[in-house]
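S.K.: The structure is given below, and queries will be raised subsequently.
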Amino acid sequence: MAPEKGDLKAVERLNEGFKTIKAEIGKVIIGQEKVIEQLLIAILARGHCLFVGVPGLAKTLLVSTLAKTLDLKFSRIQFTPDLMPSDITGTELIEENRATGGREFRFVKGPIFANIVLADEINRTPPKTQSALLQAMQEYEVTAAGQTNKLAMPFFVLATQNPIEQEGTYPLPEAQLDRFMFNIYVDYPSEAEENEIVRTTTSAFKSEVGVVMKADEILSLQDLVRRVPVADTVIAYAVRLARATRPVEGSPEYIKNWVSWGAGPRASQYMVLGAKTRAILYGRPTPSIEDIREVARPVLRHRIVTSFSAEAEGVGTLDVVDKLLGDVEE
C-alpha cells in the first residue's frame with residue numbers, strides 16, 4: 001500500500017520540524033542528540049520513556065525544554081518514599097457552596113493532568129504510589145473518588161531512575177517496566193561537550209526556546225505514524241529479534257545461559273512503531289531493517305531479565321541485545 005500524497009507532504013514537513021526542534025533544544029542542551037531523537041520517536045509513537053542516568057546530566061532540563069518547543073503543558077513529580085497516590089492523581093476537598101449554603105466535594109486535579117509528566121526518581125516511591133501511574137499510562141484516564149477523568153492528549157510519561165544509588169529504593173516490577181516503550185540511557189558528555197556546557201551555564205547568557213509544534217499537530221503526526229506502510233520483511237525481522245531473546249527450545253546456547261525471561265510481543269510492536277517513526281523523522285516514507293536495529297536497544301534493554309550466570313560473567317542486557325543484533329539474520 002503506497003502512502004498518500006498528503007502523507008508524503010506531512011513526512012517532509014515533519015523532517016523539517018525535526019531539524020528545527022533539534023536546533024531549538026540545542027540552544028539549551030549541549031549534545032545528547034541520540035537521546036533527543038529517541039524522546040521524539042516515543043512521543044510520536046504514543047509511547048512512554050524510562051530515563052536511566054546519574055544525577056546532573058540535565059534530564060529534567062531536556063524534558064522541560066522539549067515541552068516548550070512542542071508548546072505542551074509540563075508537570076514534574078518528585079517521587080519520595082512518603083508520596084501518596086492522591087499526590088499524583090488529585091484529591092477531593094470539601095467546599096461550601098455559597099449559593100445553597102451546603103457543603104460539597106470538589107475534585108482538585110493532581111500533577112498527572114499535564115501533557116508531559118516527569119516522574120523524577122520513580123523507584124524512590126512504594127509500589128502503591130508507582131501503580132497510580134499505571135492506569136494513566138495504559139488507558140489515558142485517572143479514576144479518583146469513584147470518578148473517571150480523561151487525560152488531555154497527547155499524554156506522555158517520562159520517568160527517571162538513578163542507576164547508582166539503590167539504597168531505600170523500590171525496583172519497578174517487570175509488568176510496569178513493560179509499559180515503557182523505551183529505556184533511554186543518558187551517558188556523560190564528551191570532553192568538548194562538557195567544556196561547552198560549563199562555558200554556557202556559567203555565563204550571564206540566557207537562550208530563549210521557540211515553539212515548533214503544537215498539541216493538535218502532534219496528534220495528527222501520531223495518526224500519521226500508524227498509517228506508515230511497512231514491509232513484511234521488516235516486521236518479520238522485528239518479530240525474530242524479539243523471539244530470539246526468549247530462552248526456549250531452539251534458542252542459542254548463550255540465551256539459555258544468560259537469560260531468565262525474554263521480551264514479550266510488546267517488544268516487536270514497539271520496534272516496528274519506533275522504526276516507522278524514525279523513518280518519517282528522517283523524511284523516508286517507509287522504514288527499513290536499519291531503523292529496527294536503531295530502536296532495538298532502547299526497546300529491549302528493560303525487557304530482558306538476565307540470569308545469575310550472566311551476572312557472574314558480567315554480562316548485561318545490552319550485551320545480550322548487541323550479540324543478537326549480530327546473530328539474527330536480516
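All residue names refer to the C-alpha cells as shown: chains lettered A, B, ... in order, residues numbered from 1 in each chain, ligands numbered from 1 in order.
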Among stretch 22-206 of chain A, which ones does DSSP assign to strand (DSSP E) (computed from the backbone)? Answer as a VMD selection string.

M.R.: chain A and resid 49 to 52 74 to 78 90 to 96 103 to 109 116 to 120 141 to 144 147 to 150 156 to 161 182 to 185

S.K.: Excluding A:Phe107 and its own-chain neighbours fewer than 4 positions away, which residues fall within 12 Å of it when counting only C-alpha atoms? Please give them as a VMD selection string.

M.R.: chain A and resid 86 89 to 95 142 to 149

S.K.: Go ahead and write the selection's residues with C-alpha atoms as a short mmCIF file (atom, residue, chain, number, x, y, z; two decimals), in the first residue's frame.

M.R.:
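Output file out00.cif is given in full below:
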```cif
data_model
loop_
_atom_site.label_atom_id
_atom_site.label_comp_id
_atom_site.auth_asym_id
_atom_site.auth_seq_id
_atom_site.Cartn_x
_atom_site.Cartn_y
_atom_site.Cartn_z
CA SER A 86 -3.56 11.12 45.67
CA THR A 89 -3.88 11.84 40.69
CA GLY A 90 -5.50 14.59 42.76
CA THR A 91 -7.67 14.85 45.86
CA GLU A 92 -11.21 15.74 46.95
CA LEU A 93 -11.77 18.85 49.04
CA ILE A 94 -14.90 19.80 51.00
CA GLU A 95 -16.14 23.20 49.88
CA VAL A 142 -7.48 8.58 36.03
CA THR A 143 -10.05 7.16 38.45
CA ALA A 144 -10.30 9.09 41.71
CA ALA A 145 -13.16 9.24 44.23
CA GLY A 146 -15.28 6.98 42.01
CA GLN A 147 -15.00 9.36 39.03
CA THR A 148 -13.07 8.61 35.85
CA ASN A 149 -11.34 11.64 34.34
#
```

S.K.: Could I get the residues of stretch 40-79 of chain A with an atom no further than 10 Å from an atom of stretch 13-25 of chain A, each paired with its nearest atom pair and that distance in Å to one decimal, using only C-alpha atoms, sorted by chain and residue number, as a tab-separated table?

M.R.:
```
residue	atom	partner	partner_atom	distance
A:Leu40	CA	A:Phe18	CA	8.4
A:Leu61	CA	A:Ile25	CA	9.8
A:Leu62	CA	A:Ile25	CA	7.5
A:Val63	CA	A:Ile25	CA	9.7
A:Ser64	CA	A:Ile25	CA	10.0
A:Thr65	CA	A:Ile25	CA	6.3
A:Leu66	CA	A:Ile25	CA	6.7
A:Lys68	CA	A:Ile25	CA	9.2
A:Thr69	CA	A:Ile21	CA	6.6
A:Leu70	CA	A:Ile21	CA	8.4
```

S.K.: Let me see the file: selected residues, N, CA and C atoms, as a compact mmCIF listing (two decimals), in the first residue's frame.

M.R.:
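selection24.txt was written with the following content:
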```txt
# COMPACT_ATOMS: atom_id res chain seq x y z
N LEU A 40 11.70 11.99 20.89
CA LEU A 40 10.72 12.40 19.88
C LEU A 40 10.05 11.18 19.25
N LEU A 61 15.97 19.19 32.61
CA LEU A 61 16.06 20.36 31.73
C LEU A 61 15.72 19.98 30.29
N LEU A 62 16.18 18.82 29.85
CA LEU A 62 15.90 18.36 28.50
C LEU A 62 14.40 18.20 28.28
N VAL A 63 13.72 17.57 29.24
CA VAL A 63 12.29 17.32 29.10
C VAL A 63 11.49 18.63 29.13
N SER A 64 11.83 19.53 30.06
CA SER A 64 11.10 20.80 30.14
C SER A 64 11.34 21.65 28.88
N THR A 65 12.56 21.57 28.30
CA THR A 65 12.87 22.30 27.07
C THR A 65 12.07 21.73 25.90
N LEU A 66 11.99 20.40 25.84
CA LEU A 66 11.20 19.74 24.78
C LEU A 66 9.74 20.16 24.88
N LYS A 68 8.59 22.92 25.95
CA LYS A 68 8.45 24.30 25.44
C LYS A 68 8.43 24.32 23.92
N THR A 69 9.30 23.53 23.27
CA THR A 69 9.35 23.54 21.80
C THR A 69 8.06 22.96 21.21
N LEU A 70 7.38 22.09 21.98
CA LEU A 70 6.13 21.48 21.50
C LEU A 70 4.90 22.17 22.08
```

S.K.: What is the distance, in Å and to one decimal place, between atom CA of A:Arg301 and atom CA of A:Leu50?

M.R.: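 Taking atom CA of A:Arg301 as the start and atom CA of A:Leu50 as the end point, the length is 10.7 Å.
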
S.K.: Might you pull out every residue within 9 Å of stretch 228-235 of chain A, with only C-alpha atoms counted and same-chain residues fewer than 6 positions away left off, and present them as an NGL selection string?

M.R.: :A and (1-3 or 7 or 268-269 or 271-272 or 276-277 or 280 or 285-289 or 292 or 330)

S.K.: Please produce an output containing N, CA and C atoms for each residue in the selection, written as a PDB file, in the first residue's frame.

M.R.:
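Saved as selection_10.pdb:
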```
ATOM      1  N   MET A   1       0.851  -1.203   0.000  1.00  0.00           N
ATOM      2  CA  MET A   1       0.000   0.000   0.000  1.00  0.00           C
ATOM      3  C   MET A   1       0.884   1.251   0.000  1.00  0.00           C
ATOM      4  N   ALA A   2       0.760   2.045  -1.046  1.00  0.00           N
ATOM      5  CA  ALA A   2       1.594   3.247  -1.175  1.00  0.00           C
ATOM      6  C   ALA A   2       1.034   4.374  -0.312  1.00  0.00           C
ATOM      7  N   PRO A   3       1.907   5.207   0.295  1.00  0.00           N
ATOM      8  CA  PRO A   3       1.422   6.313   1.105  1.00  0.00           C
ATOM      9  C   PRO A   3       0.751   7.386   0.257  1.00  0.00           C
ATOM     10  N   ASP A   7       0.125  12.500   2.959  1.00  0.00           N
ATOM     11  CA  ASP A   7       1.004  11.908   3.975  1.00  0.00           C
ATOM     12  C   ASP A   7       2.472  12.171   3.647  1.00  0.00           C
ATOM     13  N   SER A 268       8.203  -6.384  19.957  1.00  0.00           N
ATOM     14  CA  SER A 268       8.201  -6.293  18.487  1.00  0.00           C
ATOM     15  C   SER A 268       7.246  -5.207  18.010  1.00  0.00           C
ATOM     16  N   GLN A 269       6.128  -5.008  18.732  1.00  0.00           N
ATOM     17  CA  GLN A 269       5.204  -3.907  18.375  1.00  0.00           C
ATOM     18  C   GLN A 269       5.931  -2.562  18.472  1.00  0.00           C
ATOM     19  N   MET A 271       9.171  -2.015  18.468  1.00  0.00           N
ATOM     20  CA  MET A 271      10.269  -1.895  17.500  1.00  0.00           C
ATOM     21  C   MET A 271       9.745  -1.435  16.140  1.00  0.00           C
ATOM     22  N   VAL A 272       8.603  -1.991  15.725  1.00  0.00           N
ATOM     23  CA  VAL A 272       8.017  -1.602  14.431  1.00  0.00           C
ATOM     24  C   VAL A 272       7.509  -0.161  14.491  1.00  0.00           C
ATOM     25  N   LYS A 276       8.973   2.924  12.273  1.00  0.00           N
ATOM     26  CA  LYS A 276       8.108   3.751  11.418  1.00  0.00           C
ATOM     27  C   LYS A 276       8.308   5.234  11.731  1.00  0.00           C
ATOM     28  N   THR A 277       8.359   5.549  13.032  1.00  0.00           N
ATOM     29  CA  THR A 277       8.514   6.948  13.454  1.00  0.00           C
ATOM     30  C   THR A 277       9.880   7.476  13.061  1.00  0.00           C
ATOM     31  N   ILE A 280      10.014   8.388   9.289  1.00  0.00           N
ATOM     32  CA  ILE A 280       9.392   9.650   8.859  1.00  0.00           C
ATOM     33  C   ILE A 280      10.090  10.874   9.467  1.00  0.00           C
ATOM     34  N   PRO A 285       9.468   7.564   3.535  1.00  0.00           N
ATOM     35  CA  PRO A 285       8.051   7.166   3.637  1.00  0.00           C
ATOM     36  C   PRO A 285       7.815   5.788   4.249  1.00  0.00           C
ATOM     37  N   THR A 286       8.857   4.965   4.351  1.00  0.00           N
ATOM     38  CA  THR A 286       8.675   3.623   4.917  1.00  0.00           C
ATOM     39  C   THR A 286       9.965   3.184   5.626  1.00  0.00           C
ATOM     40  N   PRO A 287       9.862   2.413   6.730  1.00  0.00           N
ATOM     41  CA  PRO A 287      11.068   2.045   7.489  1.00  0.00           C
ATOM     42  C   PRO A 287      11.839   0.885   6.869  1.00  0.00           C
ATOM     43  N   SER A 288      13.120   0.802   7.221  1.00  0.00           N
ATOM     44  CA  SER A 288      13.968  -0.302   6.768  1.00  0.00           C
ATOM     45  C   SER A 288      14.395  -1.124   7.987  1.00  0.00           C
ATOM     46  N   ILE A 289      15.105  -2.213   7.734  1.00  0.00           N
ATOM     47  CA  ILE A 289      15.617  -3.052   8.822  1.00  0.00           C
ATOM     48  C   ILE A 289      16.596  -2.253   9.687  1.00  0.00           C
ATOM     49  N   ILE A 292      14.838  -0.651  12.512  1.00  0.00           N
ATOM     50  CA  ILE A 292      14.563  -1.620  13.592  1.00  0.00           C
ATOM     51  C   ILE A 292      15.810  -1.770  14.465  1.00  0.00           C
ATOM     52  N   GLU A 330      18.924 -10.874   8.866  1.00  0.00           N
ATOM     53  CA  GLU A 330      18.026  -9.806   8.423  1.00  0.00           C
ATOM     54  C   GLU A 330      17.039 -10.366   7.404  1.00  0.00           C
TER      55      GLU A 330
END
```

S.K.: Residues within 10 Å of A:Ala152, please, as an MDAnalysis selection string. Count only C-alpha atoms; anything in the same chain fewer than 5 positions from it doesn't count.

M.R.: chainID A and resid 73 112:115 140:141 215

S.K.: Would you please work out which residue, of A:Ala244, A:Ala192, A:Ala99, A:Leu224, is nearest to A:Val11 when using only C-alpha atoms?

M.R.: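 Counting only C-alpha atoms, the residue closest to A:Val11 is A:Leu224.
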
S.K.: Work out how far atom CA of A:Glu294 is from atom CA of A:Arg278, in Å to one decimal.

M.R.: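 According to the coordinates, atom CA of A:Arg278 and atom CA of A:Glu294 are separated by 8.8 Å.
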
S.K.: Please identify all polymer residues within 7 Å of A:Arg76, counting only C-alpha atoms, omitting same-chain residues fewer than 2 positions from it, and present them as an MDAnalysis selection string.

M.R.: chainID A and resid 74 78 117:119

S.K.: For stretch 248-259 of chain A, please output as number ranges by chain all residues within 10 Å (counting only C-alpha atoms; exclusion window: fewer than 5 positions along the same chain).

M.R.: A: 243, 304-313, 315-317, 320, 323-324, 327

S.K.: Residues as selected, N, CA and C atoms, written as a PDB file, in the first residue's frame, can you do that?

M.R.:
```pdb
ATOM      1  N   ARG A 243      11.706 -12.679  19.500  1.00  0.00           N
ATOM      2  CA  ARG A 243      11.583 -14.106  19.849  1.00  0.00           C
ATOM      3  C   ARG A 243      12.946 -14.708  20.220  1.00  0.00           C
ATOM      4  N   ILE A 304      14.468  -7.704  29.026  1.00  0.00           N
ATOM      5  CA  ILE A 304      15.198  -8.968  29.174  1.00  0.00           C
ATOM      6  C   ILE A 304      15.664  -9.076  30.624  1.00  0.00           C
ATOM      7  N   VAL A 305      15.355 -10.211  31.254  1.00  0.00           N
ATOM      8  CA  VAL A 305      15.806 -10.452  32.642  1.00  0.00           C
ATOM      9  C   VAL A 305      16.965 -11.442  32.572  1.00  0.00           C
ATOM     10  N   THR A 306      18.154 -10.968  32.963  1.00  0.00           N
ATOM     11  CA  THR A 306      19.337 -11.836  32.877  1.00  0.00           C
ATOM     12  C   THR A 306      19.406 -12.802  34.066  1.00  0.00           C
ATOM     13  N   SER A 307      20.117 -13.899  33.876  1.00  0.00           N
ATOM     14  CA  SER A 307      20.224 -14.950  34.896  1.00  0.00           C
ATOM     15  C   SER A 307      21.425 -14.698  35.818  1.00  0.00           C
ATOM     16  N   PHE A 308      21.559 -15.557  36.829  1.00  0.00           N
ATOM     17  CA  PHE A 308      22.705 -15.454  37.743  1.00  0.00           C
ATOM     18  C   PHE A 308      24.011 -15.709  36.987  1.00  0.00           C
ATOM     19  N   SER A 309      23.959 -16.619  35.988  1.00  0.00           N
ATOM     20  CA  SER A 309      25.168 -16.925  35.189  1.00  0.00           C
ATOM     21  C   SER A 309      25.654 -15.670  34.480  1.00  0.00           C
ATOM     22  N   ALA A 310      24.705 -14.899  33.927  1.00  0.00           N
ATOM     23  CA  ALA A 310      25.072 -13.666  33.210  1.00  0.00           C
ATOM     24  C   ALA A 310      25.709 -12.674  34.181  1.00  0.00           C
ATOM     25  N   GLU A 311      25.090 -12.529  35.368  1.00  0.00           N
ATOM     26  CA  GLU A 311      25.636 -11.605  36.373  1.00  0.00           C
ATOM     27  C   GLU A 311      27.039 -12.022  36.786  1.00  0.00           C
ATOM     28  N   ALA A 312      27.244 -13.336  36.967  1.00  0.00           N
ATOM     29  CA  ALA A 312      28.555 -13.859  37.369  1.00  0.00           C
ATOM     30  C   ALA A 312      29.614 -13.574  36.303  1.00  0.00           C
ATOM     31  N   GLU A 313      29.189 -13.601  35.034  1.00  0.00           N
ATOM     32  CA  GLU A 313      30.125 -13.363  33.922  1.00  0.00           C
ATOM     33  C   GLU A 313      30.209 -11.882  33.546  1.00  0.00           C
ATOM     34  N   VAL A 315      27.772 -10.046  32.331  1.00  0.00           N
ATOM     35  CA  VAL A 315      27.014  -9.804  31.093  1.00  0.00           C
ATOM     36  C   VAL A 315      25.728  -9.056  31.430  1.00  0.00           C
ATOM     37  N   GLY A 316      25.505  -7.916  30.789  1.00  0.00           N
ATOM     38  CA  GLY A 316      24.280  -7.133  30.990  1.00  0.00           C
ATOM     39  C   GLY A 316      23.306  -7.339  29.848  1.00  0.00           C
ATOM     40  N   THR A 317      22.088  -6.775  29.994  1.00  0.00           N
ATOM     41  CA  THR A 317      21.066  -6.960  28.945  1.00  0.00           C
ATOM     42  C   THR A 317      21.515  -6.374  27.608  1.00  0.00           C
ATOM     43  N   VAL A 320      23.571  -8.770  25.662  1.00  0.00           N
ATOM     44  CA  VAL A 320      22.726  -9.792  25.038  1.00  0.00           C
ATOM     45  C   VAL A 320      22.117  -9.241  23.738  1.00  0.00           C
ATOM     46  N   LYS A 323      24.701  -8.860  20.955  1.00  0.00           N
ATOM     47  CA  LYS A 323      25.069 -10.178  20.372  1.00  0.00           C
ATOM     48  C   LYS A 323      23.958 -10.669  19.437  1.00  0.00           C
ATOM     49  N   LEU A 324      22.701 -10.456  19.841  1.00  0.00           N
ATOM     50  CA  LEU A 324      21.578 -10.872  18.992  1.00  0.00           C
ATOM     51  C   LEU A 324      21.534 -10.050  17.694  1.00  0.00           C
ATOM     52  N   ASP A 327      23.715 -11.696  15.430  1.00  0.00           N
ATOM     53  CA  ASP A 327      23.404 -13.092  15.076  1.00  0.00           C
ATOM     54  C   ASP A 327      22.099 -13.282  14.315  1.00  0.00           C
TER      55      ASP A 327
END
```

S.K.: So which one's closest to A:Asn183, A:Gln135, A:Ala159, A:Lys59, A:Val28? Using only C-alpha atoms, please.

M.R.: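 Counting only C-alpha atoms, the residue closest to A:Asn183 is A:Ala159.
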
S.K.: Between atom CA of A:Leu177 and atom CA of A:Leu325, measure the distance and give it in Å to one decimal.

M.R.: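 Atom-to-atom, atom CA of A:Leu177 and atom CA of A:Leu325 are spaced 22.0 Å apart.
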
S.K.: Among stretch 85-215 of chain A, which residues does DSSP mark as alpha helix (DSSP H) when it is run on the backbone? Keep the chain and numbering as in the structure and answer as a PyMOL selection string.

M.R.: chain A and resi 85-89+127-130+132-139+174-177+191-201+215

S.K.: Write out as a ChimeraX atom specification each polymer residue whose atoms come within 9 Å of A:Asp82, counting only C-alpha atoms; drop sequence neighbours fewer than 2 positions from it.

M.R.: /A:79-80,84,125-126

S.K.: For A:Leu281, which of A:Glu104, A:Val52, A:Asp71, A:Leu44 is the closest residue, counting only C-alpha atoms?

M.R.: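 Counting only C-alpha atoms, the residue closest to A:Leu281 is A:Leu44.
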